[in-house]
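Notes follow once the structure below has been shown.
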Amino acid sequence: MAEFPTQARAVIIGGGIVGCSTAYHLAGLGWREVVLLERAKLTSGSTFHAAGLVGQLRSSANITQLLKYSVELYGRLEEETGQATGWKPNGGLRLACNAERMIEIERQATMAHSFGLEMDLLTPKQAQDLWPLMDIADLVGAAYLPTDGQVNPSDITQALAKGARSKGARIIEDCPVTAIHIKDGRVTGVVTAQGDIACEVVINCAGQWAREVGALAGVVVPLQSVQHQYLITEAIAGIEPGLPTLRDPDRLTYFKEDVGGLVMGGYERNPIPWAQDGIPEGFHFSLLDTDVDHFEPLMEQALARVPALAEAGVKEMINGPESFTPDGNFILGEAPEVGGFFVGAGFNAFGIAGGGGAGKALAEWVAGGEAPMDLWVVDIKRFAGLHGDQDFVCERTLELYGKHYTIAWPHEEHESGRPRRVSPLYERLKTQCACFGSKLGWERPNWFATDGTTPIDEYAMGRQNWFPAVGAEHRAARERVALFDASSFAKFTVSGRDAEAALGWICAGDIAKPTGGLTYTQMCNQRGGIECDLTVARIANDEFYIVTGTGFATHDYAWIERNIPDGLDARLADVTDDFAVFSLMGPRARDVLGAVCGDDISNDGFPFGRWRALAIGDAQVRALRITYVGELGWELHVPTAAALEVYDKLMAAGMRHGIANAGYRAIESLRLEKGYRAWGSDIGPDFTPLEAGMAWAVKLRQNTPFLGREALAAQKESPLTKRLACFTVDEPEVVLLGRETIYCDGERVGWLTSAGWGYTVEMNIGYGYVRNPDGVSSEYLESGAFELEVATRRVPCSLHRAALYDPKMTRVKA
Ligand SMILES: Cc1cc2nc3c(=O)[nH]c(=O)nc-3n(C[C@H](O)[C@H](O)[C@H](O)COP(=O)(O)OP(=O)(O)OC[C@H]3O[C@@H](n4cnc5c(N)ncnc54)[C@H](O)[C@@H]3O)c2cc1C
């Protein structure tokens with residue numbers, strides 16, 4: 001037997017499907033000294049009792065690509081390793097029992113087409129032809145994804161482990177990791193029951209134990225174990241081996257063929273958490289007691305769908321715990337708290353489907369030092385301090401589990417764990433009928449109910465109840481003046497002798513301006529992709545103030561922190577709670593601001609792209625002359641203690657100018673008309689400023705080095721193969737939500753990254769990248785005949801190269 005290693009390059013903790021896949025791929029990338037440590041035996045966590053359905057479609061293009069890769073990998077692994085996997089590409093059916101669900105699956109089918117997956121709509125009869133034992137009396141329709149499949153979870157994991165070993169990885173069982181060594185904020189090794197191993201990288205793939213393993217390193221891994229049950233029947237006449245998997249979301253259930261019988265499970269609306277006080281010792285190859293009463297409602301639904309179940313003998317009933325997360329997505333990437341500590345966990349009952357692709361992405365992340373593609377939706381840095389509160393995590397996670405199969409309404413908000421973080425205006429805005437949404441724990445006004453209506457979202461597939469109210473807020477900003485409470489913005493300072501040098505390296509835009517300068521800039525990765533999109537104000541020679549989106553607080557902070565070059569005197573601090581932010585926007589904004597401060601705020605006295613300290617009452621307010629809505633206006637950063645006083649003054653002064661409170665849904669409509677990009681949808685790590693039409697914001701003409709410069713300079717020399725464009729649809733009843741497919745001359749060339757209604761232009765607006773390997777020239781864009789696929793229907797659209805709305809001529813210079 002080989003000696004226990006004392007040194008490794010990477011230590012992977014956990015021998016479930018995710019750990020084994022990560023080892024397989026990391027070794028495949030040529031990494032030597034990859035050691036996987038499993039506390040008990042391989043597969044003994046959640047993997048051994050998974051049902052084995054492998055679906056591919058997710059609402060993110062890149063996560064769908066990862067799942068597509070899993071399918072491709074599982075299809076070849078048996079031949080590659082000689083280990084059986086039980087992989088069967090028998091397709092997947094999804095049913096719709098009402099009109100709204102049908103619209104949802106029509107939109108999903110279009111999303112699948114956008115992401116390059118075949119997905120066909122079927123009539124109830126066609127669905128039944130594929131799944132003869134199902135009752136279709138209540139079916140409205142179905143969708144079929146022919147490349148979905150199923151696998152034997154333990155076998156596929158053993159195949160990955162075998163492949164990993166043959167590529168040089170070492171797998172050690174019965175070896176729990178009990179502590180993690182950290183020095184100067186980086187991992188240096190692990191302590192195990194068999195000895196210590198020094199290493200450069202630790203990868204936490206410990207499934208539902210990942211929270212505890214994370215805690216060993218001071219890393220928050222927000223997940224909650226939840227009981228998940230399914231049963232396995234004896235053989236049923238008419239159940240054939242090639243039967244597609246079946247998801248029946250309106251009946252909360254799923255089915256899979258299993259040795260001539262069926263696996264049937266589901267997602268109850270009232271899930272039961274497990275091990276809130278910690279997972280018991282010795283819980284491996286273990287199951288929980290079955291809870292027949294809890295399963296009964298699902299059984300009733302399943303019997304209505306598959307009457308033959310009534311006669312089938314139950315071979316086994318499984319109650320296995322699985323880790324779920326507060327937003328339903330898994331957790332990947334390098335932890336913000338500790339360098340070299342990576343996480344791949346929280347798989348929300350799709351770890352078998354996700355394991356192949358997630359292991360590959362995680363291995364590439366480790367090896368490359370950056371995420372290999374935009375993985376923001378699963379990035380561990382999407383969480384924040386509040387996710388260290390297990391009560392919050394549990395409550396939100398159970399809400400998400402309970403909604404696993406409910407219709408995902410457009411603009412749907414979470415309900416649990418609220419309110420959590422509030423702006424100083426929260427109570428005031430509540431009394432003014434604000435309807436709040438939540439973002440990273442913050443309550444933010446989405447819209448304001450007027451005329452006696454109730455500030456509650458009523459979800460629908462078409463236009464929702466807030467549509468007219470948001471229209472009124474939009475018009476207030478365009479025609480008069482509106483105040484948006486943007487206090488949840490994340491705010492940082494970078495200070496020190498070398499603050500300019502540090503930010504000069506990280507920012508693609510030129511921030512080296514005199515005090516009072518304001519820069520809208522991107523921060524790019526080595527590929528030139530946009531990691532952060534934010535505003536940098538120069539406060540003093542040695543101090544900068546940075547403002548970024550609410551949801552990006554952890555991510556952007558970590559990006560800046562990691563990229564400050566060694567040896568520079570530049571300190572980063574989070575000052576989010578020090579300032580409330582009011583965006584005062586609209587052609588009358590100057591009148592309102594001028595009435596509450598004595599300073600010269602004329603265009604000459606306070607030009608666009610500058611910031612100044614203004615006195616409003618007793619408060620020293622940082623006023624940033626910038627806009628995200630395309631109107632004259634200021635972002636007012638107000639010391640938190642003075643927030644209410646300043647707000648009241650602005651509202652009082654604004655009365656005669658028709659000031660209105662406005663919310664985030666109006667911002668979305670306004671920014672779509674003006675063509676401002678949103679990070680996380682229109683721009684992100686996969687898109688460069690050149691592709692996004694933002695070359696103007698990049699200092700390529702200056703001879704200064706910055707992160708991502710080489711990639712951008714190289715890209716400038718050849719034709720762009722993707723470019724962001726604006727699309728409008730004339731038919732007002734068409735609802736654009738994003739992810740609709742873009743066609744050029746009948747060929748699929750991309751999908752919408754964001755979309756919505758523009759109240760001024762009175763049109764549906766969408767943004768999306770047009771792709772062409774031979775280059776997307778201006779002629780290509782201008783000569784092509786473009787269409788959008790919306791909920792499987794092709795609709796004509798117009799492509800625009802410039803913003804749809806531009807007030808410059810009449811207003812900004814006023
Ligand atoms: C009932 C049920 C049905 C499911 N059905 C499906 C399905 O149909 N399709 C699908 O895609 N997914 C399904 N899943 C989900 C799937 O099982 C999981 O997402 C997946 O197995 C997670 O794999 P993992 O590698 O992350 O975790 P695990 O398999 O739990 O592996 C983690 C490993 O880490 C080890 N470990 C923990 N702590 C330590 C330590 N300190 N040191 C060393 N080792 C440690 C554990 O022993 C364990 O083996 C289902 C889950 C359940 C419960």
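Letters for chains follow the order of the structure tokens (A, B, ...), residue numbers begin at 1 for each chain, and ligand numbers begin at 1 in the order shown.
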### Task
Extract, using only C-alpha atoms, all DNA, RNA and protein residues at most 12 Å from Ala358 of chain A, discarding same-chain residues fewer than 3 positions from it, and format them as an NGL selection string.
:A and (17-26 or 62-70 or 73 or 205 or 329-333 or 343-347 or 350-355 or 361-365 or 371-373 or 375 or 378-379)
Atoms to include: N, CA and C atoms. Write the selected residues as a CSV table (one decimal), in the first residue's frame.
```csv
chain,number,residue,atom,x,y,z
A,17,ILE,N,-20.1,12.4,-6.3
A,17,ILE,CA,-19.9,12.6,-7.7
A,17,ILE,C,-19.2,13.9,-8.0
A,18,VAL,N,-19.4,14.9,-7.2
A,18,VAL,CA,-18.7,16.2,-7.5
A,18,VAL,C,-17.2,16.2,-7.3
A,19,GLY,N,-16.8,15.6,-6.1
A,19,GLY,CA,-15.4,15.4,-5.8
A,19,GLY,C,-14.7,14.6,-6.9
A,20,CYS,N,-15.3,13.4,-7.2
A,20,CYS,CA,-14.7,12.5,-8.2
A,20,CYS,C,-14.6,13.2,-9.5
A,21,SER,N,-15.6,13.9,-9.9
A,21,SER,CA,-15.6,14.6,-11.2
A,21,SER,C,-14.5,15.7,-11.2
A,22,THR,N,-14.3,16.4,-10.1
A,22,THR,CA,-13.3,17.4,-10.0
A,22,THR,C,-11.9,16.8,-10.1
A,23,ALA,N,-11.7,15.7,-9.4
A,23,ALA,CA,-10.5,15.0,-9.5
A,23,ALA,C,-10.2,14.5,-10.9
A,24,TYR,N,-11.2,13.9,-11.5
A,24,TYR,CA,-11.0,13.4,-12.9
A,24,TYR,C,-10.6,14.6,-13.8
A,25,HIS,N,-11.2,15.7,-13.7
A,25,HIS,CA,-10.9,16.8,-14.6
A,25,HIS,C,-9.6,17.5,-14.3
A,26,LEU,N,-9.3,17.6,-13.0
A,26,LEU,CA,-8.1,18.3,-12.6
A,26,LEU,C,-6.9,17.5,-13.0
A,62,ASN,N,-24.7,29.3,-19.5
A,62,ASN,CA,-23.5,28.5,-19.2
A,62,ASN,C,-23.7,27.3,-18.3
A,63,ILE,N,-24.7,27.4,-17.4
A,63,ILE,CA,-25.0,26.3,-16.6
A,63,ILE,C,-25.6,25.2,-17.5
A,64,THR,N,-26.4,25.6,-18.4
A,64,THR,CA,-27.0,24.6,-19.4
A,64,THR,C,-25.8,23.9,-20.2
A,65,GLN,N,-24.8,24.7,-20.5
A,65,GLN,CA,-23.7,24.2,-21.2
A,65,GLN,C,-23.0,23.1,-20.3
A,66,LEU,N,-22.9,23.4,-19.0
A,66,LEU,CA,-22.2,22.4,-18.1
A,66,LEU,C,-23.0,21.1,-18.1
A,67,LEU,N,-24.3,21.3,-18.1
A,67,LEU,CA,-25.2,20.1,-18.0
A,67,LEU,C,-25.1,19.3,-19.3
A,68,LYS,N,-25.0,20.1,-20.4
A,68,LYS,CA,-24.9,19.4,-21.7
A,68,LYS,C,-23.6,18.6,-21.7
A,69,TYR,N,-22.6,19.2,-21.2
A,69,TYR,CA,-21.3,18.5,-21.1
A,69,TYR,C,-21.4,17.3,-20.3
A,70,SER,N,-22.1,17.3,-19.1
A,70,SER,CA,-22.3,16.1,-18.3
A,70,SER,C,-22.9,15.0,-19.2
A,73,LEU,N,-20.2,13.7,-21.5
A,73,LEU,CA,-19.2,12.9,-20.7
A,73,LEU,C,-19.8,11.5,-20.3
A,205,CYS,N,-15.7,19.6,-1.6
A,205,CYS,CA,-16.8,18.9,-2.3
A,205,CYS,C,-17.5,18.0,-1.4
A,329,ASN,N,-29.5,27.3,-6.6
A,329,ASN,CA,-28.4,27.0,-7.5
A,329,ASN,C,-27.2,26.5,-6.7
A,330,PHE,N,-26.3,25.8,-7.3
A,330,PHE,CA,-25.2,25.2,-6.6
A,330,PHE,C,-24.2,26.3,-6.3
A,331,ILE,N,-23.1,25.8,-5.6
A,331,ILE,CA,-22.1,26.8,-5.1
A,331,ILE,C,-20.7,26.4,-5.7
A,332,LEU,N,-20.1,27.2,-6.4
A,332,LEU,CA,-18.8,26.9,-7.0
A,332,LEU,C,-17.9,28.1,-6.9
A,333,GLY,N,-16.6,27.8,-6.8
A,333,GLY,CA,-15.6,28.8,-6.9
A,333,GLY,C,-14.7,29.0,-5.7
A,343,VAL,N,-14.9,25.7,-3.5
A,343,VAL,CA,-16.1,25.0,-3.0
A,343,VAL,C,-16.8,24.5,-4.3
A,344,GLY,N,-17.3,23.3,-4.2
A,344,GLY,CA,-18.2,22.7,-5.2
A,344,GLY,C,-19.3,21.9,-4.4
A,345,ALA,N,-20.4,22.6,-4.1
A,345,ALA,CA,-21.4,21.9,-3.2
A,345,ALA,C,-22.8,22.5,-3.4
A,346,GLY,N,-23.7,21.9,-2.6
A,346,GLY,CA,-25.1,22.5,-2.6
A,346,GLY,C,-25.8,22.3,-3.9
A,347,PHE,N,-26.0,21.0,-4.3
A,347,PHE,CA,-26.4,20.7,-5.6
A,347,PHE,C,-27.9,20.6,-5.8
A,350,PHE,N,-29.7,18.3,-8.1
A,350,PHE,CA,-29.3,18.0,-9.5
A,350,PHE,C,-27.8,17.8,-9.6
A,351,GLY,N,-27.3,17.2,-8.5
A,351,GLY,CA,-25.8,17.0,-8.5
A,351,GLY,C,-25.4,15.9,-9.5
A,352,ILE,N,-26.3,15.0,-9.8
A,352,ILE,CA,-25.9,13.9,-10.7
A,352,ILE,C,-25.9,14.5,-12.1
A,353,ALA,N,-26.9,15.3,-12.4
A,353,ALA,CA,-27.0,16.0,-13.7
A,353,ALA,C,-25.8,17.0,-13.8
A,354,GLY,N,-25.5,17.7,-12.7
A,354,GLY,CA,-24.6,18.8,-12.8
A,354,GLY,C,-23.1,18.3,-12.5
A,355,GLY,N,-23.0,17.2,-11.9
A,355,GLY,CA,-21.6,16.8,-11.4
A,355,GLY,C,-20.5,16.8,-12.5
A,361,ALA,N,-15.8,22.5,-14.7
A,361,ALA,CA,-15.6,24.0,-14.5
A,361,ALA,C,-14.8,24.3,-13.2
A,362,LEU,N,-15.0,23.5,-12.2
A,362,LEU,CA,-14.3,23.8,-10.9
A,362,LEU,C,-12.8,23.5,-11.1
A,363,ALA,N,-12.5,22.4,-11.8
A,363,ALA,CA,-11.1,22.1,-12.1
A,363,ALA,C,-10.4,23.2,-12.9
A,364,GLU,N,-11.1,23.7,-13.9
A,364,GLU,CA,-10.6,24.7,-14.8
A,364,GLU,C,-10.4,26.0,-14.0
A,365,TRP,N,-11.3,26.3,-13.0
A,365,TRP,CA,-11.2,27.4,-12.2
A,365,TRP,C,-10.0,27.4,-11.3
A,371,ALA,N,-12.5,31.9,-13.1
A,371,ALA,CA,-13.6,31.1,-13.6
A,371,ALA,C,-13.4,31.0,-15.1
A,372,PRO,N,-13.5,29.8,-15.7
A,372,PRO,CA,-13.3,29.6,-17.1
A,372,PRO,C,-14.3,30.3,-18.0
A,373,MET,N,-15.4,30.6,-17.4
A,373,MET,CA,-16.5,31.3,-18.1
A,373,MET,C,-17.4,32.0,-17.1
A,375,LEU,N,-19.7,32.3,-14.5
A,375,LEU,CA,-20.4,31.3,-13.7
A,375,LEU,C,-21.0,32.1,-12.5
A,378,VAL,N,-23.7,30.7,-10.1
A,378,VAL,CA,-23.3,29.7,-9.1
A,378,VAL,C,-22.1,30.1,-8.3
A,379,ASP,N,-21.6,31.2,-8.5
A,379,ASP,CA,-20.4,31.7,-7.8
A,379,ASP,C,-20.6,31.9,-6.3
```
### Message
Could you list the protein, DNA and RNA residues that have any atom within 6 Å of ligand 1, counting only C-alpha atoms and all ligand atoms, and write them as number ranges by chain?
### Response
A: 13-19, 37-40, 42-47, 49-54, 175-178, 205-209, 213, 228-229, 319-322, 345, 347-353
#### Entry: Which of segment 104-288 of chain A fall in helix (DSSP H, G or I), as a PyMOL selection string
chain A and resi 104-114+124-130+153-166+207-216+249-251
### Nearest to Val629 of chain A, chosen from A:Cys726, A:Met264, A:Ala482, A:Ala502, with only C-alpha atoms counted in the distances
A:Ala482
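Coordinates place atom CA of Gly768 of chain A at a distance of 17.0 Å from atom CA of Val734 of chain A.
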### Message
Can you pull out the residues contacting segment 553-555 of chain A? Cut-off 12 Å, using only C-alpha atoms, and skip same-chain residues under 4 positions away; I want them as JSON, numbers by chain.
### Response
{"A": [333, 334, 335, 336, 337, 375, 376, 377, 378, 379, 380, 381, 382, 383, 384, 385, 386, 387, 439, 440, 441, 442, 488, 489, 490, 491, 492, 523, 531, 532, 533, 534, 546, 547, 548, 549, 559, 560, 561, 562, 573, 574, 575, 576, 577, 679, 680]}
Would you save the residues of that selection, restricted to C-alpha atoms, as an mmCIF file, in the first residue's frame?
```cif
data_model
loop_
_atom_site.group_PDB
_atom_site.id
_atom_site.type_symbol
_atom_site.label_atom_id
_atom_site.label_comp_id
_atom_site.auth_asym_id
_atom_site.auth_seq_id
_atom_site.Cartn_x
_atom_site.Cartn_y
_atom_site.Cartn_z
ATOM 1 C CA GLY A 333 -15.589 28.806 -6.916
ATOM 2 C CA GLU A 334 -12.902 30.255 -4.707
ATOM 3 C CA ALA A 335 -14.182 31.431 -1.334
ATOM 4 C CA PRO A 336 -13.928 35.177 -0.753
ATOM 5 C CA GLU A 337 -12.660 34.612 2.788
ATOM 6 C CA LEU A 375 -20.374 31.312 -13.656
ATOM 7 C CA TRP A 376 -21.861 34.195 -11.685
ATOM 8 C CA VAL A 377 -25.166 32.437 -10.977
ATOM 9 C CA VAL A 378 -23.328 29.681 -9.119
ATOM 10 C CA ASP A 379 -20.365 31.701 -7.845
ATOM 11 C CA ILE A 380 -19.918 31.479 -4.066
ATOM 12 C CA LYS A 381 -19.350 35.237 -4.156
ATOM 13 C CA ARG A 382 -23.028 35.865 -4.880
ATOM 14 C CA PHE A 383 -23.613 35.442 -1.130
ATOM 15 C CA ALA A 384 -22.886 37.872 1.677
ATOM 16 C CA GLY A 385 -22.618 38.105 5.452
ATOM 17 C CA LEU A 386 -26.300 37.344 5.998
ATOM 18 C CA HIS A 387 -25.741 33.867 4.583
ATOM 19 C CA LYS A 439 -31.697 41.761 -3.256
ATOM 20 C CA LEU A 440 -28.894 40.226 -1.225
ATOM 21 C CA GLY A 441 -31.031 40.706 1.877
ATOM 22 C CA TRP A 442 -31.874 44.355 1.156
ATOM 23 C CA SER A 488 -28.441 49.307 -1.056
ATOM 24 C CA PHE A 489 -25.657 50.061 -3.563
ATOM 25 C CA ALA A 490 -22.396 48.538 -2.380
ATOM 26 C CA LYS A 491 -19.778 51.190 -1.596
ATOM 27 C CA PHE A 492 -16.083 50.761 -1.027
ATOM 28 C CA MET A 523 -12.733 45.824 -14.388
ATOM 29 C CA GLU A 531 -15.775 41.231 -14.046
ATOM 30 C CA CYS A 532 -17.090 44.444 -12.508
ATOM 31 C CA ASP A 533 -18.967 47.448 -13.852
ATOM 32 C CA LEU A 534 -18.897 50.370 -11.465
ATOM 33 C CA ILE A 546 -16.371 53.040 -5.483
ATOM 34 C CA VAL A 547 -20.066 52.407 -6.087
ATOM 35 C CA THR A 548 -21.396 49.144 -7.468
ATOM 36 C CA GLY A 549 -24.615 47.114 -7.665
ATOM 37 C CA TRP A 559 -12.165 41.014 -7.215
ATOM 38 C CA ILE A 560 -10.604 44.304 -6.183
ATOM 39 C CA GLU A 561 -8.959 42.811 -3.103
ATOM 40 C CA ARG A 562 -7.408 39.930 -5.042
ATOM 41 C CA ALA A 573 -12.806 48.991 2.900
ATOM 42 C CA ASP A 574 -16.555 48.400 2.651
ATOM 43 C CA VAL A 575 -18.462 51.571 3.599
ATOM 44 C CA THR A 576 -21.890 50.498 2.363
ATOM 45 C CA ASP A 577 -23.624 51.216 5.644
ATOM 46 C CA TRP A 679 -23.885 43.439 -15.320
ATOM 47 C CA GLY A 680 -24.973 39.833 -14.852
#
```
### Task
For Val191 of chain A, work out the shell of residues within 8 Å, counting only C-alpha atoms and skipping chain neighbours fewer than 5 positions away, then give it as a list in words.
Val177, Thr178, Ala179, Ile180, His181, Asp196 and Ile197 of chain A
